[in-house]
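Below is protein.txt, holding compact mmCIF, C-alpha atoms.
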```
# COMPACT_ATOMS: atom_id res chain seq x y z
CA MET A 5 0.00 0.00 0.00
CA LYS A 6 1.19 3.52 -0.80
CA TYR A 7 2.94 5.32 2.11
CA LEU A 8 3.57 1.95 3.77
CA ASP A 9 5.59 -0.32 1.50
CA GLU A 10 8.19 2.25 0.52
CA TYR A 11 8.83 2.97 4.22
CA ARG A 12 9.70 -0.70 4.76
CA ASP A 13 12.41 -0.90 2.10
CA GLY A 14 15.31 -2.95 3.40
CA GLY A 15 18.02 -1.23 1.37
CA GLN A 16 17.00 2.24 2.45
CA ALA A 17 16.77 1.03 6.06
CA GLN A 18 20.37 -0.27 5.82
CA GLN A 19 21.47 3.10 4.53
CA LEU A 20 19.93 4.93 7.49
CA ALA A 21 21.38 2.33 9.87
CA LEU A 22 24.81 2.84 8.29
CA GLU A 23 24.58 6.57 8.88
CA ILE A 24 23.63 5.97 12.53
CA HIS A 25 26.65 3.62 12.89
CA ARG A 26 28.89 6.25 11.35
CA LEU A 27 27.70 9.00 13.72
CA THR A 28 27.54 7.09 16.99
CA THR A 29 30.63 7.50 19.16
CA ARG A 30 29.28 6.41 22.57
CA PRO A 31 26.32 4.70 24.26
CA TRP A 32 22.94 6.40 24.14
CA ASN A 33 19.56 5.43 25.63
CA ILE A 34 16.64 6.48 23.48
CA MET A 35 13.01 5.93 24.44
CA GLU A 36 10.28 5.37 21.90
CA VAL A 37 7.18 6.60 23.69
CA CYS A 38 4.53 4.83 21.68
CA GLY A 39 3.60 1.15 21.87
CA GLY A 40 2.93 1.14 18.12
CA GLN A 41 6.58 2.07 17.58
CA THR A 42 7.70 -0.63 20.03
CA HIS A 43 5.86 -3.24 17.98
CA ALA A 44 7.40 -2.02 14.73
CA ILE A 45 10.89 -2.06 16.31
CA VAL A 46 10.56 -5.61 17.59
CA LYS A 47 8.67 -6.92 14.54
CA PHE A 48 11.12 -5.56 11.98
CA GLY A 49 14.20 -6.08 14.15
CA ILE A 50 15.11 -2.39 13.96
CA ASP A 51 16.98 -2.55 17.28
CA GLU A 52 19.24 -5.21 15.76
CA LEU A 53 20.21 -2.88 12.91
CA LEU A 54 21.45 -0.25 15.34
CA PRO A 55 24.93 0.02 16.86
CA LYS A 56 24.98 -2.25 19.91
CA PHE A 57 25.51 0.61 22.31
CA ILE A 58 22.35 2.38 21.27
CA THR A 59 19.60 1.08 23.55
CA LEU A 60 15.97 1.57 22.66
CA ILE A 61 13.94 1.80 25.85
CA HIS A 62 10.28 0.99 25.39
CA GLY A 63 8.00 3.69 26.75
CA PRO A 64 4.60 3.90 28.42
CA GLY A 65 2.61 4.69 25.27
CA CYS A 66 0.26 1.73 25.35
CA PRO A 67 -3.21 3.00 26.29
CA VAL A 68 -4.56 -0.39 27.32
CA CYS A 69 -1.48 -1.07 29.46
CA VAL A 70 -1.63 2.12 31.50
CA THR A 71 -5.36 2.00 32.26
CA PRO A 72 -5.35 1.55 36.06
CA LEU A 73 -6.65 -1.59 37.70
CA GLU A 74 -9.40 0.30 39.53
CA MET A 75 -10.78 1.54 36.19
CA ILE A 76 -10.91 -2.05 34.90
CA ASP A 77 -12.70 -3.05 38.11
CA LYS A 78 -15.19 -0.21 37.60
CA ALA A 79 -15.78 -1.39 34.04
CA LEU A 80 -16.37 -4.94 35.29
CA GLU A 81 -18.81 -3.72 37.92
CA ILE A 82 -20.83 -1.69 35.39
CA ALA A 83 -20.73 -4.37 32.67
CA ALA A 84 -22.19 -6.98 35.04
CA ARG A 85 -25.32 -4.91 35.69
CA PRO A 86 -28.51 -6.24 34.08
CA ASN A 87 -29.74 -3.21 32.16
CA VAL A 88 -26.37 -2.18 30.73
CA ILE A 89 -24.76 -2.60 27.33
CA PHE A 90 -21.05 -2.08 27.98
CA SER A 91 -19.05 -1.17 24.87
CA SER A 92 -15.30 -1.07 24.50
CA PHE A 93 -12.38 -1.36 22.10
CA GLY A 94 -11.61 -5.06 21.63
CA ASP A 95 -8.25 -5.18 23.36
CA MET A 96 -9.69 -4.09 26.73
CA LEU A 97 -11.75 -7.27 27.01
CA ARG A 98 -8.93 -9.55 28.16
CA VAL A 99 -7.17 -7.11 30.45
CA PRO A 100 -7.25 -8.67 33.92
CA GLY A 101 -9.08 -6.79 36.68
CA SER A 102 -8.72 -7.71 40.35
CA THR A 103 -10.79 -10.88 39.99
CA THR A 104 -11.97 -11.29 36.39
CA ASP A 105 -12.00 -9.64 32.94
CA LEU A 106 -14.66 -8.22 30.62
CA LEU A 107 -14.64 -11.30 28.41
CA SER A 108 -15.56 -13.47 31.41
CA VAL A 109 -18.31 -11.02 32.38
CA LYS A 110 -19.63 -11.40 28.84
CA ALA A 111 -19.42 -15.20 29.08
CA THR A 112 -21.50 -15.16 32.25
CA GLY A 113 -24.28 -13.12 30.69
CA GLY A 114 -23.10 -9.49 30.76
CA ASP A 115 -23.89 -7.56 27.57
CA VAL A 116 -20.36 -6.54 26.56
CA ARG A 117 -19.82 -5.42 22.99
CA ILE A 118 -16.71 -4.61 20.99
CA VAL A 119 -17.01 -1.43 18.97
CA TYR A 120 -14.63 -0.01 16.41
CA SER A 121 -15.37 3.62 17.16
CA PRO A 122 -16.97 5.51 20.08
CA LEU A 123 -19.57 6.71 17.54
CA ASP A 124 -20.78 3.09 17.28
CA ALA A 125 -21.61 3.29 21.00
CA VAL A 126 -23.69 6.43 20.39
CA LYS A 127 -25.54 4.47 17.70
CA LEU A 128 -26.17 1.66 20.20
CA ALA A 129 -27.70 4.20 22.59
CA GLU A 130 -30.06 5.44 19.88
CA GLN A 131 -31.06 1.90 18.93
CA ASN A 132 -31.60 0.72 22.53
CA PRO A 133 -33.48 3.50 24.36
CA ALA A 134 -34.51 1.18 27.22
CA LYS A 135 -30.88 0.21 28.01
CA GLU A 136 -28.00 2.11 29.57
CA ILE A 137 -25.12 2.27 27.09
CA VAL A 138 -21.68 2.78 28.59
CA PHE A 139 -18.51 3.27 26.54
CA PHE A 140 -15.04 2.65 27.98
CA GLY A 141 -13.17 5.77 26.84
CA ILE A 142 -9.48 4.99 27.12
CA GLY A 143 -6.34 6.02 25.31
CA PHE A 144 -3.97 8.88 24.61
CA GLU A 145 -4.49 12.03 22.58
CA THR A 146 -5.09 9.84 19.50
CA THR A 147 -8.40 8.41 20.71
CA ALA A 148 -9.47 11.45 22.76
CA PRO A 149 -10.86 13.37 19.72
CA ALA A 150 -13.09 10.38 18.93
CA THR A 151 -14.30 10.06 22.52
CA ALA A 152 -14.91 13.81 22.70
CA MET A 153 -16.95 13.76 19.50
CA ALA A 154 -19.09 10.87 20.78
CA VAL A 155 -19.93 12.75 23.99
CA TYR A 156 -20.52 15.94 22.03
CA GLN A 157 -22.90 14.17 19.62
CA ALA A 158 -24.72 12.36 22.44
CA ALA A 159 -25.32 15.76 24.08
CA GLN A 160 -26.52 17.26 20.79
CA LYS A 161 -28.93 14.36 20.34
CA GLY A 162 -30.13 14.69 23.94
CA LEU A 163 -29.34 11.04 24.74
CA LYS A 164 -30.03 10.27 28.41
CA ASN A 165 -29.05 6.57 28.27
CA PHE A 166 -25.43 7.12 27.18
CA SER A 167 -22.40 7.58 29.41
CA MET A 168 -18.65 7.03 29.39
CA LEU A 169 -16.16 5.52 31.77
CA ILE A 170 -13.24 7.78 30.98
CA SER A 171 -9.60 6.95 31.53
CA HIS A 172 -7.85 9.17 29.01
CA VAL A 173 -4.16 9.93 29.48
CA LEU A 174 -1.72 12.50 28.11
CA VAL A 175 1.83 11.99 26.83
CA PRO A 176 3.74 15.16 27.89
CA PRO A 177 3.04 14.77 31.65
CA ALA A 178 4.19 11.13 31.40
CA ILE A 179 7.48 12.23 29.80
CA GLU A 180 7.85 14.79 32.58
CA ALA A 181 7.19 12.12 35.25
CA LEU A 182 9.74 9.76 33.65
CA MET A 183 12.42 12.42 33.34
CA SER A 184 11.99 13.69 36.89
CA SER A 185 12.66 10.21 38.31
CA PRO A 186 16.25 9.79 39.56
CA LYS A 187 16.28 6.29 38.02
CA CYS A 188 15.65 7.65 34.55
CA LYS A 189 18.23 6.56 31.97
CA VAL A 190 16.57 8.15 28.94
CA GLN A 191 18.71 10.61 26.99
CA GLY A 192 16.47 11.20 23.99
CA PHE A 193 12.89 10.63 22.92
CA LEU A 194 11.06 9.52 19.82
CA ALA A 195 7.73 11.30 20.38
CA ALA A 196 4.60 9.51 19.18
CA GLY A 197 3.71 10.72 15.69
CA HIS A 198 -0.02 10.24 15.86
CA VAL A 199 -0.37 11.93 19.24
CA CYS A 200 1.41 14.90 17.68
CA ALA A 201 -0.84 14.72 14.59
CA VAL A 202 -3.62 15.69 17.01
CA MET A 203 -1.83 17.91 19.55
CA GLY A 204 1.08 19.28 17.52
CA TYR A 205 4.42 19.57 19.31
CA THR A 206 4.34 22.95 21.01
CA GLU A 207 4.19 21.26 24.43
CA TYR A 208 7.63 19.67 24.01
CA PRO A 209 10.22 22.49 23.80
CA PRO A 210 9.95 23.27 27.55
CA LEU A 211 10.57 19.57 28.33
CA ALA A 212 13.51 19.35 25.93
CA ALA A 213 15.04 22.43 27.54
CA LYS A 214 14.33 21.54 31.18
CA TYR A 215 15.80 18.02 30.97
CA HIS A 216 18.20 18.70 28.10
CA VAL A 217 16.80 15.85 25.98
CA PRO A 218 16.31 15.81 22.23
CA ILE A 219 12.69 15.02 21.30
CA VAL A 220 11.97 13.95 17.72
CA VAL A 221 8.37 13.53 16.55
CA THR A 222 8.53 10.18 14.74
CA GLY A 223 6.30 8.00 12.55
CA PHE A 224 5.66 4.27 12.76
CA GLU A 225 7.25 2.60 9.75
CA PRO A 226 10.80 1.21 9.86
CA LEU A 227 12.28 4.08 7.84
CA ASP A 228 10.48 6.60 10.06
CA ILE A 229 11.86 5.04 13.22
CA LEU A 230 15.40 4.76 11.85
CA GLN A 231 15.31 8.36 10.67
CA GLY A 232 13.93 9.40 14.08
CA VAL A 233 16.79 7.58 15.82
CA LEU A 234 19.27 9.17 13.41
CA MET A 235 17.92 12.65 14.19
CA VAL A 236 18.12 12.00 17.96
CA VAL A 237 21.68 10.65 17.63
CA GLN A 238 22.72 13.67 15.52
CA GLN A 239 21.48 15.91 18.34
CA LEU A 240 23.03 13.83 21.13
CA GLU A 241 26.41 13.64 19.40
CA SER A 242 26.45 17.40 18.87
CA GLY A 243 25.14 18.24 22.35
CA ARG A 244 21.85 19.71 21.15
CA ALA A 245 18.47 19.16 22.88
CA GLU A 246 15.78 20.38 20.51
CA VAL A 247 12.36 19.39 19.31
CA GLU A 248 12.38 18.20 15.70
CA ASN A 249 9.76 16.66 13.45
CA GLN A 250 10.62 13.56 11.42
CA TYR A 251 6.96 12.79 10.63
CA THR A 252 6.29 15.88 8.52
CA ARG A 253 3.98 14.05 6.14
CA ALA A 254 1.36 13.78 8.91
CA VAL A 255 2.28 16.20 11.70
CA HIS A 256 2.13 19.99 11.77
CA ARG A 257 3.52 22.09 14.60
CA GLU A 258 0.07 23.20 15.76
CA GLY A 259 -1.60 19.80 15.34
CA ASN A 260 -5.22 19.29 14.39
CA GLN A 261 -7.11 22.43 15.42
CA PRO A 262 -10.72 21.19 14.93
CA ALA A 263 -9.93 18.11 17.05
CA GLN A 264 -8.31 20.19 19.82
CA GLU A 265 -11.31 22.51 19.84
CA ILE A 266 -13.81 19.68 20.52
CA MET A 267 -11.46 18.20 23.14
CA ARG A 268 -11.31 21.57 24.94
CA LYS A 269 -15.11 21.78 24.88
CA VAL A 270 -15.71 18.31 26.32
CA PHE A 271 -12.68 17.61 28.53
CA LYS A 272 -10.71 19.13 31.36
CA VAL A 273 -7.22 18.13 32.48
CA VAL A 274 -7.27 15.96 35.61
CA ALA A 275 -4.86 13.88 37.71
CA ARG A 276 -4.81 10.27 36.52
CA LYS A 277 -3.51 6.99 37.89
CA TRP A 278 -1.32 4.96 35.49
CA ARG A 279 -1.28 1.21 35.92
CA GLY A 280 1.95 0.10 37.53
CA VAL A 281 3.20 3.68 37.78
CA GLY A 282 0.82 5.50 40.15
CA GLU A 283 -0.86 8.87 39.99
CA ILE A 284 0.65 11.54 37.76
CA PRO A 285 -0.67 15.09 38.25
CA GLN A 286 -2.46 16.68 35.30
CA SER A 287 -1.84 13.59 33.17
CA GLY A 288 -5.37 12.76 32.11
CA LEU A 289 -8.59 14.02 30.63
CA GLY A 290 -11.96 13.90 32.38
CA LEU A 291 -15.34 15.27 31.37
CA ASN A 292 -15.97 18.99 31.78
CA ASP A 293 -18.68 19.98 34.25
CA ALA A 294 -21.01 20.81 31.36
CA TYR A 295 -20.86 17.14 30.29
CA ALA A 296 -20.95 15.62 33.80
CA ALA A 297 -24.27 13.91 32.99
CA PHE A 298 -22.29 11.58 30.68
CA ASP A 299 -19.85 10.51 33.40
CA ALA A 300 -20.48 6.80 34.09
CA GLU A 301 -18.52 6.92 37.36
CA LYS A 302 -21.02 9.46 38.70
CA LYS A 303 -24.04 7.82 37.10
CA PHE A 304 -23.25 4.42 38.62
CA GLY A 305 -21.90 5.74 41.93
CA LEU A 306 -18.32 4.45 41.51
CA ALA A 307 -16.28 7.63 41.84
CA ASP A 308 -14.92 6.69 45.28
CA HIS A 309 -13.91 3.14 44.37
CA HIS A 310 -10.14 2.63 44.87
CA VAL A 311 -8.04 -0.49 44.30
CA ASP A 312 -4.36 -1.17 45.00
CA GLU A 313 -2.26 -2.85 42.33
CA PRO A 314 -0.81 -6.33 42.92
CA ALA A 315 2.97 -6.78 43.13
CA GLU A 316 3.47 -9.92 41.01
CA CYS A 317 3.28 -8.13 37.64
CA LEU A 318 6.31 -5.98 36.81
CA SER A 319 4.54 -4.05 34.03
CA GLY A 320 5.12 -0.78 35.87
CA LEU A 321 8.89 -1.23 35.50
CA VAL A 322 8.44 -2.27 31.86
CA LEU A 323 6.30 0.81 31.18
CA GLN A 324 8.95 3.07 32.69
CA GLY A 325 11.67 1.40 30.66
CA GLN A 326 13.50 0.13 33.75
CA ILE A 327 13.38 -3.51 32.65
CA LYS A 328 12.84 -5.25 29.30
CA PRO A 329 9.84 -7.60 29.11
CA HIS A 330 11.92 -10.81 29.04
CA GLU A 331 13.72 -9.78 32.23
CA CYS A 332 10.48 -10.34 34.18
CA PRO A 333 10.55 -13.80 35.85
CA ALA A 334 6.91 -14.41 34.86
CA PHE A 335 7.50 -13.59 31.14
CA GLY A 336 6.40 -16.45 28.88
CA THR A 337 5.87 -18.80 31.82
CA LYS A 338 3.31 -17.55 34.35
CA CYS A 339 2.40 -14.70 32.03
CA THR A 340 1.38 -15.26 28.39
CA PRO A 341 -1.16 -13.56 26.08
CA GLU A 342 -3.58 -16.43 26.87
CA HIS A 343 -3.15 -15.97 30.64
CA PRO A 344 -1.81 -12.45 31.15
CA LEU A 345 -0.80 -11.12 34.55
CA GLY A 346 -0.80 -7.57 33.27
CA ALA A 347 -2.03 -5.45 30.42
CA THR A 348 1.37 -5.13 28.73
CA MET A 349 0.99 -8.81 27.76
CA VAL A 350 -2.55 -8.30 26.42
CA SER A 351 -2.53 -5.23 24.26
CA SER A 352 -1.51 -5.16 20.63
CA GLU A 353 0.67 -2.21 21.66
CA GLY A 354 2.08 -3.76 24.84
CA ALA A 355 5.84 -4.29 25.03
CA CYS A 356 5.49 -7.74 26.67
CA ALA A 357 3.08 -8.87 23.93
CA ALA A 358 5.53 -7.64 21.27
CA TYR A 359 8.44 -9.59 22.78
CA TYR A 360 6.27 -12.67 23.26
CA ARG A 361 5.00 -12.57 19.69
CA TYR A 362 8.21 -11.77 17.81
CA ARG A 363 11.06 -12.85 20.10
CA ARG A 364 9.77 -15.93 21.92
CA GLN A 365 11.47 -18.47 19.67
CA THR A 366 14.72 -16.56 19.51
CA PRO A 367 15.71 -15.89 23.11
CA GLU A 368 19.27 -15.15 21.97
CA ALA A 369 17.96 -12.23 19.90
CA ALA A 370 16.08 -10.93 22.92
CA VAL A 371 19.21 -11.15 25.03
CA LYS A 372 21.19 -9.18 22.48
CA THR A 373 18.90 -6.15 22.84
CA ALA A 374 19.30 -6.03 26.61
CA MET B 6 -18.45 10.60 7.04
CA GLY B 7 -16.25 9.36 4.20
CA LYS B 8 -15.35 6.02 2.70
CA ILE B 9 -11.75 5.03 3.35
CA ASN B 10 -9.94 2.25 1.49
CA PHE B 11 -7.61 0.43 3.91
CA GLY B 12 -5.49 -1.55 1.44
CA GLY B 13 -8.59 -3.05 -0.16
CA ILE B 14 -11.01 -2.96 2.77
CA LEU B 15 -13.58 -0.19 2.59
CA LYS B 16 -14.66 1.37 5.89
CA GLU B 17 -16.45 4.54 6.87
CA ALA B 18 -14.65 7.13 8.95
CA SER B 19 -15.55 10.59 10.20
CA LEU B 20 -13.88 13.42 8.27
CA ALA B 21 -15.00 16.04 10.82
CA TYR B 22 -11.38 16.77 11.85
CA VAL B 23 -9.95 16.95 8.31
CA PRO B 24 -12.32 19.32 6.49
CA GLU B 25 -9.62 19.98 3.88
CA VAL B 26 -9.46 16.44 2.43
CA LYS B 27 -10.51 15.63 -1.12
CA VAL B 28 -11.44 12.34 -2.80
CA GLY B 29 -8.23 10.39 -3.43
CA ASP B 30 -6.27 11.85 -0.50
CA TYR B 31 -4.50 9.57 1.98
CA VAL B 32 -5.45 10.02 5.63
CA ILE B 33 -4.40 8.62 9.01
CA VAL B 34 -7.41 7.06 10.75
CA HIS B 35 -7.77 6.26 14.45
CA VAL B 36 -10.88 4.60 15.92
CA GLY B 37 -13.16 5.82 13.13
CA PHE B 38 -11.77 9.34 12.77
CA ALA B 39 -9.39 10.71 10.16
CA LEU B 40 -6.85 12.71 12.17
CA SER B 41 -4.44 13.93 9.51
CA ARG B 42 -4.01 14.14 5.76
CA VAL B 43 -0.78 12.62 4.45
CA ASP B 44 1.23 15.33 2.69
CA GLU B 45 2.57 13.91 -0.57
CA GLU B 46 5.46 16.36 -0.92
CA GLU B 47 6.66 15.80 2.66
CA ALA B 48 6.27 12.04 2.22
CA HIS B 49 9.00 12.02 -0.42
CA LYS B 50 11.55 14.00 1.58
CA VAL B 51 13.18 11.06 3.32
CA PHE B 52 13.94 9.45 -0.04
CA GLY B 53 15.53 12.65 -1.29
CA TYR B 54 17.62 12.73 1.87
CA LEU B 55 18.67 9.11 1.39
CA LYS B 56 19.68 9.84 -2.18
CA GLU B 57 21.80 12.78 -1.04
CA MET B 58 23.42 10.59 1.58
CA GLU B 59 24.19 7.97 -1.04
CA GLU B 60 25.83 10.54 -3.31
CA LEU B 61 27.79 11.95 -0.40
CA ALA B 62 28.94 8.46 0.58
CA GLU B 63 30.15 7.85 -2.96
CA LEU B 64 32.17 11.04 -2.78
CA GLU B 65 33.65 10.18 0.60
CA ASP B 66 34.44 6.71 -0.72
CA ASN B 67 35.80 4.26 1.81
CA GLU B 68 35.51 6.26 4.98
CA THR B 69 32.36 4.61 6.32
CA LYS B 70 32.25 1.69 8.74
CA PRO B 71 31.17 -1.69 7.38
CA PRO B 72 27.40 -2.17 7.27
CA PRO B 73 25.64 -4.27 9.92
CA HIS B 74 25.61 -7.87 8.68
CA ARG B 75 21.97 -8.72 9.32
CA ASP B 76 19.40 -8.00 6.56
CA PRO B 77 16.14 -6.50 7.77
CA PRO B 78 13.19 -8.88 7.41
```

Just dump the structure as structure tokens.
Amino acid sequence: MKYLDEYRDGGQAQQLALEIHRLTTRPWNIMEVCGGQTHAIVKFGIDELLPKFITLIHGPGCPVCVTPLEMIDKALEIAARPNVIFSSFGDMLRVPGSTTDLLSVKATGGDVRIVYSPLDAVKLAEQNPAKEIVFFGIGFETTAPATAMAVYQAAQKGLKNFSMLISHVLVPPAIEALMSSPKCKVQGFLAAGHVCAVMGYTEYPPLAAKYHVPIVVTGFEPLDILQGVLMVVQQLESGRAEVENQYTRAVHREGNQPAQEIMRKVFKVVARKWRGVGEIPQSGLGLNDAYAAFDAEKKFGLADHHVDEPAECLSGLVLQGQIKPHECPAFGTKCTPEHPLGATMVSSEGACAAYYRYRRQTPEAAVKTA
Amino acid sequence: MGKINFGGILKEASLAYVPEVKVGDYVIVHVGFALSRVDEEEAHKVFGYLKEMEELAELEDNETKPPPHRDPP
């Protein structure tokens, strides 16, 4: 397909890799923020093309993975109620809550439905006026415009039987939280291209300056990622810490204005818990007071429900880039995609799932990247 | 709403956030919403850059390190 195949060309990838080899004089730790980029890196073996002292650290940009346990438990509680149709993106269904998951709730009679878009949930509400329709609104700035539009349309249509369990998160506060940790090893970032397609990249220069880290807005194909790494290495080797845009074919500095406008109307910035990481101030989106009637937590009386995270799953360390997935003792043994301990093993963007899927049969390759 | 061809699969997506798109444009779609139009001119830049690098490498001749041995998949 156009704009995909040419960005997977092996010869061109070698050429970029060669340039990175030529420029690199010492070890560098670079974090790719987005789980989509992690999957591309592991699937195409991009990390193996790089000089061995460049380490790619996998970041927290997997929306399913960072949704806190208590939100999953709230979803389970709502989905089990008799008059509710609970709708969600497909990859949330197998994320383990404290005792069960949405798929099991569905198997025992709960009306849980997979939708492709939040607008499908609005349609469900119109088609089922006697039922309560709840949508699980999760994700980063890439899904937030869709969630916002669904709430906005539900309000316009005057729907009273539609609400959302919202667990939206934001990338820049997560970068800030990572960088302010004394354990942080990250020296440069590949920022998530599609998040920036929505939000632009005006939020990043203060972070680049404060922590003296290069931040390069990067796409998702192998050539994008290699070029992003090259741009970060060029900056690191010359002592610069600037915000640059590799993904110019899709990202403008100011982002998508119509999308930001609807998000501002519907959402406000709130503190948000991240699974395995804890609460990060001003790192999430919640419904504005004007749209409070669509807040499922309020509607179903769950706002004060709090749950502590179990210790057996090390996904918090994986999400912060402190360990690689295969360094977890449960990886591939007690924890597999069929029986996941944590969300990073479930999601199509989770780092553990990527390593399990593409590196399981070649443990020696996995060791090499460590 | 618009019809989007995903490598042969037709699906509807909202074009509310990309009012500028025309029939035949390429867009980036997330959960039923087109978020960005792919800019054709910008899309070619990396290949121009690679070509320049290649020409430069030819000029510099043998100064580069040997390439990594593994072919990408």

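Proximity ranking of B:Val36, B:Met6, B:Met58, B:Leu64 relative to chain A places B:Val36 first, based on only C-alpha atoms.
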
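Of note, CA of Gly63 in chain A and CA of Ala358 in chain A are spaced 12.8 Å apart.
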
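Of note, CA of Val138 in chain A and CA of Ile9 in chain B are spaced 27.2 Å apart.
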
request  = Using all atoms listed in the file, find the residues of chain A whose closest atom to chain B is at most 9 Å away, then write them as a PyMOL selection string.
outcome  = chain A and resi 5-7+13-23+25-26+47-50+52-55+93+120-123+146-147+149-150+198+201-202+227-228+231+250-255+259-263

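Each of A:Gly320, A:Phe224, A:Ala355, A:Met153 was compared to Leu20 in chain B using all atoms listed in the file, and A:Met153 turns out to be the nearest.
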
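The residue that comes closest to Ile76 in chain A, out of A:Ala159, A:Ile142, A:Val221, A:Ala125 and on the basis of only C-alpha atoms, is A:Ile142.
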
request  = Work out how far CA of Gly143 in chain A is from CA of Ala195 in chain A, in Å to one decimal.
outcome  = 15.8 Å

inquiry  = Can you pull out the residues contacting Leu169 in chain A? Cut-off 9 Å, using all atoms listed in the file, and skip same-chain residues under 2 positions away; I want them as number ranges by chain.
reply    = A: 75, 78-79, 138-142, 167, 171, 298-301

key: From A:Val68, A:Val311, A:Ala154, A:Met349, residue lying nearest Lys127 in chain A [all atoms listed in the file]   = A:Ala154
